[in-house]
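See below for the structure under consideration.
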Amino acid sequence: MEEHPIIDRPTTIEVNLASLQHNVGQIKKHCGSDKKVMAIIKANAYGHGLIPIGVALEKMGGVDYLGVAFLEEGIALRRANVRLPILVLGGIYKPQIGTFLDFDLELTVSSLEKLRQVEEIARAYGRPAAIHLKIDTGMERVGVHSESAGPFIAAAVNSSFCTIKGVYSHLACADDPNSPMTKLQLERFNEALSHFDRLGAPMPLRHLANSGGIINFPQTHFDMVRPGISLYGIYPDASKKGPLDLRPILSLKSNIVYFKVVQPNRPISYSSTWKSGHMIRVVTIPIGYGDGYRRSLSNCGEVLIGGRRYPIVGRVCMDQFMVNIEWDSAYNGDEVVLIGKQGNEEISVDDLAQKSGTIAYEILTGLNERIPRKYIA
Ligand SMILES: *Cc1c(COP(=O)(O)O)cnc(C)c1O
């Protein structure tokens, strides 16, 4: 019946796993070998592919824990036979608690009420739940405020159906080395931790640092660090690179699928927002906002063709957009780089973020499943 092989569309995300390993190595070297690493792979591993990245991190070693946002992400990793401890960072939804236990996933407990819910289900299940206590030190998102942490920690310590694996908080401003907020959060976190000693309870894994904390605030490293964006080779603040040597691991490439000559004063794409006063050559690239290549790059984004930069002209459509190559040569099938290097030129995720009025995180997590991904060892 199927006589022809099914070939992927000529648009690809390439993920370099050697660079991923390099970045993990850089983080470990910077933090010290006594620190554990929880690799944050929520949101489809920041667009890089949840399962391939989870499996690769487990295989390459150097990572002690995986962190995801939702139960469903943890289930997908377990179904792919990933054995590393997995913490679900998000708040818990009571009807899902039993499933955490079935899939051996660790829960974030962020209030006394949620502790009771987990206990109740773990008791019925007949096996303790592995939990991390979430302290709010300044995000005002989820977690028990540090000043109310005493009774919360005491209740968890005394619970026979919850095993406290960790205690953590999240930094709001760690990408800014001058922010006084991090110092305040650190003080509040230490204050919350002191309850373990006061109760004579063993100290669980303490973890606080995201990429910003890893890079800017060594005092936040504690027992384990939680790198997200830095794993993927991107600095939390694009204007401050270092001291780690991070390598971007993702490239986004496509092909020219159409070439034409456009006469003067012929507008291009939806709403006719752009036209040239002279004759130009225009090529069409088969990727658009329906793939997560943002419409805000209309009339301001750039791509690389033949090692040179060329501007996007007109609106980015759902599945395609147009590029003005003036009077240069390009052919159908030529490679187009949207993120990454070609010749001596490079377009970074930060470039796209800046032009789109957002951050690298949103550009990466927006690249969706419609784009085939290729993993290079
Ligand atoms: C997303 C997340 C991280 C990782 O943050 P990066 O800035 O990408 O390093 C760490 N901890 C928690 C709780 C998170 O939600």
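In the structure tokens, the first chain shown is A, the next is B, and so on; residue numbers restart at 1 for each chain, and ligands run from 1 in the order shown.
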### Task
Taking the DSSP assignment computed from this structure's backbone, write out as number ranges by chain all residues of segment 48-124 of chain A that belong to strand (DSSP E).
A: 65-68, 86-88, 107-109
Exercise: Val118 of chain A partners within 9 Å, only C-alpha atoms, chain neighbours under 6 positions left out, as a PDB file with all heavy atoms, in the first residue's frame:
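around.pdb was written with the following content:
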ATOM      1  N   LYS A  94      -5.483  17.689  43.437  1.00  0.00           N
ATOM      2  CA  LYS A  94      -5.808  16.540  44.287  1.00  0.00           C
ATOM      3  C   LYS A  94      -6.172  15.271  43.508  1.00  0.00           C
ATOM      4  O   LYS A  94      -5.665  14.193  43.831  1.00  0.00           O
ATOM      5  CB  LYS A  94      -6.902  16.901  45.297  1.00  0.00           C
ATOM      6  CG  LYS A  94      -7.009  15.854  46.395  1.00  0.00           C
ATOM      7  CD  LYS A  94      -8.065  16.182  47.433  1.00  0.00           C
ATOM      8  CE  LYS A  94      -8.147  15.031  48.444  1.00  0.00           C
ATOM      9  NZ  LYS A  94      -9.359  15.125  49.269  1.00  0.00           N
ATOM     10  N   ILE A  97      -3.136  13.016  42.605  1.00  0.00           N
ATOM     11  CA  ILE A  97      -2.088  12.621  43.558  1.00  0.00           C
ATOM     12  C   ILE A  97      -1.747  11.127  43.483  1.00  0.00           C
ATOM     13  O   ILE A  97      -0.578  10.747  43.478  1.00  0.00           O
ATOM     14  CB  ILE A  97      -2.469  13.024  45.008  1.00  0.00           C
ATOM     15  CG1 ILE A  97      -2.491  14.561  45.131  1.00  0.00           C
ATOM     16  CG2 ILE A  97      -1.481  12.427  46.017  1.00  0.00           C
ATOM     17  CD1 ILE A  97      -3.014  15.090  46.456  1.00  0.00           C
ATOM     18  N   GLY A  98      -2.781  10.269  43.377  1.00  0.00           N
ATOM     19  CA  GLY A  98      -2.526   8.822  43.322  1.00  0.00           C
ATOM     20  C   GLY A  98      -1.606   8.446  42.166  1.00  0.00           C
ATOM     21  O   GLY A  98      -0.765   7.539  42.287  1.00  0.00           O
ATOM     22  N   LEU A 107       6.564  14.728  44.619  1.00  0.00           N
ATOM     23  CA  LEU A 107       5.589  15.830  44.609  1.00  0.00           C
ATOM     24  C   LEU A 107       6.122  17.080  45.286  1.00  0.00           C
ATOM     25  O   LEU A 107       6.872  16.990  46.261  1.00  0.00           O
ATOM     26  CB  LEU A 107       4.321  15.420  45.359  1.00  0.00           C
ATOM     27  CG  LEU A 107       3.521  14.230  44.877  1.00  0.00           C
ATOM     28  CD1 LEU A 107       3.783  13.031  45.759  1.00  0.00           C
ATOM     29  CD2 LEU A 107       2.036  14.560  44.868  1.00  0.00           C
ATOM     30  N   VAL A 109       5.037  19.842  47.689  1.00  0.00           N
ATOM     31  CA  VAL A 109       3.974  20.129  48.650  1.00  0.00           C
ATOM     32  C   VAL A 109       4.132  21.577  49.102  1.00  0.00           C
ATOM     33  O   VAL A 109       5.179  21.961  49.623  1.00  0.00           O
ATOM     34  CB  VAL A 109       4.036  19.140  49.832  1.00  0.00           C
ATOM     35  CG1 VAL A 109       3.099  19.581  50.945  1.00  0.00           C
ATOM     36  CG2 VAL A 109       3.679  17.733  49.358  1.00  0.00           C
ATOM     37  N   ALA A 129       4.689   8.789  50.250  1.00  0.00           N
ATOM     38  CA  ALA A 129       4.918   9.650  49.095  1.00  0.00           C
ATOM     39  C   ALA A 129       6.237  10.384  49.291  1.00  0.00           C
ATOM     40  O   ALA A 129       6.553  10.809  50.406  1.00  0.00           O
ATOM     41  CB  ALA A 129       3.780  10.652  48.964  1.00  0.00           C
ATOM     42  N   ILE A 131       8.240  13.612  48.883  1.00  0.00           N
ATOM     43  CA  ILE A 131       7.831  15.010  48.698  1.00  0.00           C
ATOM     44  C   ILE A 131       8.997  15.995  48.860  1.00  0.00           C
ATOM     45  O   ILE A 131      10.011  15.692  49.501  1.00  0.00           O
ATOM     46  CB  ILE A 131       6.705  15.396  49.683  1.00  0.00           C
ATOM     47  CG1 ILE A 131       7.207  15.336  51.139  1.00  0.00           C
ATOM     48  CG2 ILE A 131       5.483  14.499  49.492  1.00  0.00           C
ATOM     49  CD1 ILE A 131       6.243  15.972  52.133  1.00  0.00           C
ATOM     50  N   PHE A 161       3.403   9.168  56.362  1.00  0.00           N
ATOM     51  CA  PHE A 161       3.136   8.746  54.983  1.00  0.00           C
ATOM     52  C   PHE A 161       3.761   9.672  53.943  1.00  0.00           C
ATOM     53  O   PHE A 161       3.469   9.550  52.760  1.00  0.00           O
ATOM     54  CB  PHE A 161       1.635   8.565  54.757  1.00  0.00           C
ATOM     55  CG  PHE A 161       1.138   7.318  55.421  1.00  0.00           C
ATOM     56  CD1 PHE A 161       0.582   7.362  56.691  1.00  0.00           C
ATOM     57  CD2 PHE A 161       1.297   6.092  54.789  1.00  0.00           C
ATOM     58  CE1 PHE A 161       0.164   6.203  57.308  1.00  0.00           C
ATOM     59  CE2 PHE A 161       0.874   4.922  55.412  1.00  0.00           C
ATOM     60  CZ  PHE A 161       0.311   4.972  56.678  1.00  0.00           C
ATOM     61  N   CYS A 162       4.610  10.563  54.427  1.00  0.00           N
ATOM     62  CA  CYS A 162       5.366  11.412  53.502  1.00  0.00           C
ATOM     63  C   CYS A 162       6.846  11.334  53.862  1.00  0.00           C
ATOM     64  O   CYS A 162       7.205  11.446  55.030  1.00  0.00           O
ATOM     65  CB  CYS A 162       4.913  12.872  53.594  1.00  0.00           C
ATOM     66  SG  CYS A 162       3.260  13.148  52.935  1.00  0.00           S
TER      67      CYS A 162
END
#### Entry: 10 Å shell around ligand 1 using only C-alpha atoms and all ligand atoms, listed as a PyMOL selection string
chain A and resi 38-43+45-46+67-69+87-90+108+134+142+168-175+207-215+225-232+234-237+360-361
Non-local contacts of Gly314 of chain A (12 Å; only C-alpha atoms; under 4 positions in same chain excluded) as a PDB file with N, CA and C atoms, in the first residue's frame:
ATOM      1  N   ARG A 266       5.091  46.139  -5.692  1.00  0.00           N
ATOM      2  CA  ARG A 266       4.160  45.025  -5.498  1.00  0.00           C
ATOM      3  C   ARG A 266       4.245  44.610  -4.030  1.00  0.00           C
ATOM      4  N   PRO A 267       3.212  44.843  -3.249  1.00  0.00           N
ATOM      5  CA  PRO A 267       3.297  44.523  -1.821  1.00  0.00           C
ATOM      6  C   PRO A 267       3.340  43.016  -1.567  1.00  0.00           C
ATOM      7  N   ILE A 268       3.949  42.673  -0.449  1.00  0.00           N
ATOM      8  CA  ILE A 268       4.188  41.265  -0.114  1.00  0.00           C
ATOM      9  C   ILE A 268       3.415  40.882   1.149  1.00  0.00           C
ATOM     10  N   SER A 269       2.730  39.741   1.073  1.00  0.00           N
ATOM     11  CA  SER A 269       2.059  39.060   2.194  1.00  0.00           C
ATOM     12  C   SER A 269       0.825  39.812   2.707  1.00  0.00           C
ATOM     13  N   TYR A 270       0.219  39.217   3.751  1.00  0.00           N
ATOM     14  CA  TYR A 270      -1.040  39.724   4.313  1.00  0.00           C
ATOM     15  C   TYR A 270      -0.964  41.203   4.660  1.00  0.00           C
ATOM     16  N   SER A 271      -2.051  41.878   4.416  1.00  0.00           N
ATOM     17  CA  SER A 271      -2.228  43.295   4.734  1.00  0.00           C
ATOM     18  C   SER A 271      -1.274  44.213   3.978  1.00  0.00           C
ATOM     19  N   SER A 272      -0.504  43.636   3.041  1.00  0.00           N
ATOM     20  CA  SER A 272       0.370  44.442   2.171  1.00  0.00           C
ATOM     21  C   SER A 272       1.207  45.453   2.948  1.00  0.00           C
ATOM     22  N   THR A 273       1.890  44.981   3.961  1.00  0.00           N
ATOM     23  CA  THR A 273       2.613  45.913   4.847  1.00  0.00           C
ATOM     24  C   THR A 273       3.975  46.323   4.310  1.00  0.00           C
ATOM     25  N   TRP A 274       4.472  45.651   3.260  1.00  0.00           N
ATOM     26  CA  TRP A 274       5.837  45.957   2.781  1.00  0.00           C
ATOM     27  C   TRP A 274       5.877  45.910   1.269  1.00  0.00           C
ATOM     28  N   LYS A 275       6.570  46.892   0.677  1.00  0.00           N
ATOM     29  CA  LYS A 275       6.855  46.764  -0.746  1.00  0.00           C
ATOM     30  C   LYS A 275       8.171  47.449  -1.078  1.00  0.00           C
ATOM     31  N   SER A 276       8.765  47.011  -2.186  1.00  0.00           N
ATOM     32  CA  SER A 276      10.047  47.552  -2.607  1.00  0.00           C
ATOM     33  C   SER A 276       9.814  48.527  -3.760  1.00  0.00           C
ATOM     34  N   VAL A 282      12.786  37.450  -4.402  1.00  0.00           N
ATOM     35  CA  VAL A 282      12.159  37.079  -3.126  1.00  0.00           C
ATOM     36  C   VAL A 282      12.067  35.564  -3.058  1.00  0.00           C
ATOM     37  N   THR A 284      10.648  32.134  -0.649  1.00  0.00           N
ATOM     38  CA  THR A 284       9.633  31.741   0.332  1.00  0.00           C
ATOM     39  C   THR A 284      10.180  30.594   1.176  1.00  0.00           C
ATOM     40  N   ARG A 295       5.019  35.649  14.658  1.00  0.00           N
ATOM     41  CA  ARG A 295       4.511  36.639  13.714  1.00  0.00           C
ATOM     42  C   ARG A 295       5.100  38.018  13.988  1.00  0.00           C
ATOM     43  N   SER A 296       5.537  38.235  15.213  1.00  0.00           N
ATOM     44  CA  SER A 296       6.159  39.528  15.551  1.00  0.00           C
ATOM     45  C   SER A 296       7.500  39.724  14.837  1.00  0.00           C
ATOM     46  N   LEU A 297       7.989  38.713  14.140  1.00  0.00           N
ATOM     47  CA  LEU A 297       9.208  38.866  13.331  1.00  0.00           C
ATOM     48  C   LEU A 297       8.896  39.429  11.940  1.00  0.00           C
ATOM     49  N   SER A 298       7.609  39.643  11.660  1.00  0.00           N
ATOM     50  CA  SER A 298       7.209  40.261  10.391  1.00  0.00           C
ATOM     51  C   SER A 298       7.973  41.564  10.181  1.00  0.00           C
ATOM     52  N   ASN A 299       8.572  41.722   9.004  1.00  0.00           N
ATOM     53  CA  ASN A 299       9.283  42.959   8.644  1.00  0.00           C
ATOM     54  C   ASN A 299      10.437  43.334   9.563  1.00  0.00           C
ATOM     55  N   CYS A 300      10.872  42.419  10.451  1.00  0.00           N
ATOM     56  CA  CYS A 300      12.047  42.761  11.272  1.00  0.00           C
ATOM     57  C   CYS A 300      12.976  41.576  11.510  1.00  0.00           C
ATOM     58  N   GLY A 301      12.500  40.350  11.307  1.00  0.00           N
ATOM     59  CA  GLY A 301      13.380  39.193  11.493  1.00  0.00           C
ATOM     60  C   GLY A 301      14.383  39.068  10.359  1.00  0.00           C
ATOM     61  N   GLU A 302      15.373  38.219  10.583  1.00  0.00           N
ATOM     62  CA  GLU A 302      16.374  37.942   9.546  1.00  0.00           C
ATOM     63  C   GLU A 302      16.617  36.444   9.476  1.00  0.00           C
ATOM     64  N   GLN A 320       4.364  29.933   6.260  1.00  0.00           N
ATOM     65  CA  GLN A 320       5.395  30.400   5.335  1.00  0.00           C
ATOM     66  C   GLN A 320       5.713  31.865   5.601  1.00  0.00           C
ATOM     67  N   PHE A 321       6.853  32.303   5.104  1.00  0.00           N
ATOM     68  CA  PHE A 321       7.144  33.744   5.056  1.00  0.00           C
ATOM     69  C   PHE A 321       8.114  34.017   3.915  1.00  0.00           C
ATOM     70  N   MET A 322       8.285  35.297   3.591  1.00  0.00           N
ATOM     71  CA  MET A 322       9.093  35.701   2.454  1.00  0.00           C
ATOM     72  C   MET A 322      10.332  36.477   2.898  1.00  0.00           C
ATOM     73  N   VAL A 323      11.387  36.321   2.094  1.00  0.00           N
ATOM     74  CA  VAL A 323      12.679  36.948   2.393  1.00  0.00           C
ATOM     75  C   VAL A 323      13.161  37.678   1.146  1.00  0.00           C
ATOM     76  N   ASN A 324      13.650  38.902   1.345  1.00  0.00           N
ATOM     77  CA  ASN A 324      14.186  39.710   0.259  1.00  0.00           C
ATOM     78  C   ASN A 324      15.683  39.438   0.110  1.00  0.00           C
TER      79      ASN A 324
END
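Interatomic distance, atom CA of Pro243 of chain A against atom CA of Glu362 of chain A: 23.8 Å.
The coordinates place atom CA of Ile376 of chain A at 21.4 Å from atom CA of Asp291 of chain A.
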### Close residues, segment 32-35 of chain A itself excluded, 8 Å, only C-alpha atoms, min 6 positions apart in chain, as number ranges by chain
A: 221-225
Next, write the just-selected residues to a file, as a PDB file, in the first residue's frame, keeping all heavy atoms as the atom set.
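What landed in result.pdb:
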ATOM      1  N   HIS A 221      23.628  27.869  45.981  1.00  0.00           N
ATOM      2  CA  HIS A 221      23.784  26.528  45.388  1.00  0.00           C
ATOM      3  C   HIS A 221      23.334  25.394  46.314  1.00  0.00           C
ATOM      4  O   HIS A 221      22.890  24.350  45.837  1.00  0.00           O
ATOM      5  CB  HIS A 221      25.235  26.304  44.959  1.00  0.00           C
ATOM      6  CG  HIS A 221      25.681  27.183  43.824  1.00  0.00           C
ATOM      7  ND1 HIS A 221      26.948  27.167  43.326  1.00  0.00           N
ATOM      8  CD2 HIS A 221      25.016  28.116  43.095  1.00  0.00           C
ATOM      9  CE1 HIS A 221      27.061  28.052  42.326  1.00  0.00           C
ATOM     10  NE2 HIS A 221      25.886  28.645  42.182  1.00  0.00           N
ATOM     11  N   PHE A 222      23.483  25.560  47.636  1.00  0.00           N
ATOM     12  CA  PHE A 222      23.079  24.555  48.632  1.00  0.00           C
ATOM     13  C   PHE A 222      23.483  23.137  48.223  1.00  0.00           C
ATOM     14  O   PHE A 222      24.642  22.923  47.840  1.00  0.00           O
ATOM     15  CB  PHE A 222      21.576  24.666  48.936  1.00  0.00           C
ATOM     16  CG  PHE A 222      21.242  25.911  49.718  1.00  0.00           C
ATOM     17  CD1 PHE A 222      20.826  27.070  49.075  1.00  0.00           C
ATOM     18  CD2 PHE A 222      21.384  25.942  51.097  1.00  0.00           C
ATOM     19  CE1 PHE A 222      20.551  28.233  49.794  1.00  0.00           C
ATOM     20  CE2 PHE A 222      21.107  27.097  51.825  1.00  0.00           C
ATOM     21  CZ  PHE A 222      20.684  28.236  51.162  1.00  0.00           C
ATOM     22  N   ASP A 223      22.538  22.164  48.259  1.00  0.00           N
ATOM     23  CA  ASP A 223      22.908  20.759  47.974  1.00  0.00           C
ATOM     24  C   ASP A 223      22.686  20.387  46.516  1.00  0.00           C
ATOM     25  O   ASP A 223      23.263  19.428  46.011  1.00  0.00           O
ATOM     26  CB  ASP A 223      22.053  19.810  48.833  1.00  0.00           C
ATOM     27  CG  ASP A 223      22.179  20.119  50.301  1.00  0.00           C
ATOM     28  OD1 ASP A 223      23.328  20.308  50.767  1.00  0.00           O
ATOM     29  OD2 ASP A 223      21.141  20.200  50.991  1.00  0.00           O
ATOM     30  N   MET A 224      21.805  21.129  45.858  1.00  0.00           N
ATOM     31  CA  MET A 224      21.437  20.776  44.480  1.00  0.00           C
ATOM     32  C   MET A 224      21.076  22.065  43.746  1.00  0.00           C
ATOM     33  O   MET A 224      20.475  22.973  44.334  1.00  0.00           O
ATOM     34  CB  MET A 224      20.244  19.801  44.496  1.00  0.00           C
ATOM     35  CG  MET A 224      19.771  19.340  43.129  1.00  0.00           C
ATOM     36  SD  MET A 224      18.857  17.778  43.219  1.00  0.00           S
ATOM     37  CE  MET A 224      17.342  18.276  44.029  1.00  0.00           C
ATOM     38  N   VAL A 225      21.434  22.131  42.465  1.00  0.00           N
ATOM     39  CA  VAL A 225      21.062  23.295  41.647  1.00  0.00           C
ATOM     40  C   VAL A 225      20.071  22.850  40.571  1.00  0.00           C
ATOM     41  O   VAL A 225      20.036  21.669  40.196  1.00  0.00           O
ATOM     42  CB  VAL A 225      22.308  23.977  41.019  1.00  0.00           C
ATOM     43  CG1 VAL A 225      23.183  24.590  42.110  1.00  0.00           C
ATOM     44  CG2 VAL A 225      23.110  22.997  40.160  1.00  0.00           C
TER      45      VAL A 225
END
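Residues surrounding Val55 of chain A within 10 Å are A:Leu50, A:Ile51, A:Pro52, A:Glu58, A:Lys59, A:Met60, A:Leu77, A:Ala80, A:Asn81, A:Val82, A:Arg83, A:Leu84 [only C-alpha atoms; sequence separation below 3 positions excluded].
For Gln342 of chain A, the list of residues within 12 Å, based on only C-alpha atoms and with local chain neighbours fewer than 3 positions off taken out, reads Ser251, Leu252, Lys253, Val303, Leu304, Ile305, Gly306, Gly307, Arg308, Arg309, Asp334, Glu335, Val336, Val337, Leu338, Ile339, Glu345, Glu346, Ile347 and Ser348 of chain A.
What separates atom CA of Asp350 of chain A from atom CA of Val63 of chain A is a distance of 26.1 Å.
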### Query
Which residues, written as a VMD selection string, have at least one atom at most 8 Å from Leu71 of chain A, with only C-alpha atoms counted and residues fewer than 4 positions away on the same chain left out?
chain A and resid 75 88 96 100 105
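If you measure from each of A:Pro204, A:Gly61, A:Pro218, A:Gly340 to Cys31 of chain A using only C-alpha atoms, the closest one turns out to be A:Pro218.
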### Task
Rank A:Thr220, A:Ser111, A:Asn368, A:Ser148 by their smallest atom-to-atom distance to Gln185 of chain A, using only C-alpha atoms, and report the top residue only.
A:Thr220
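Across segment 183-243 of chain A, DSSP run on the backbone finds alpha helix (DSSP H) at Lys183, Leu184, Gln185, Leu186, Glu187, Arg188, Phe189, Asn190, Glu191, Ala192, Leu193, Ser194, His195, Phe196, Asp197, Arg198, Ser211, Gly212, Gly213, Ile214, Ile215 and Asn216 of chain A.
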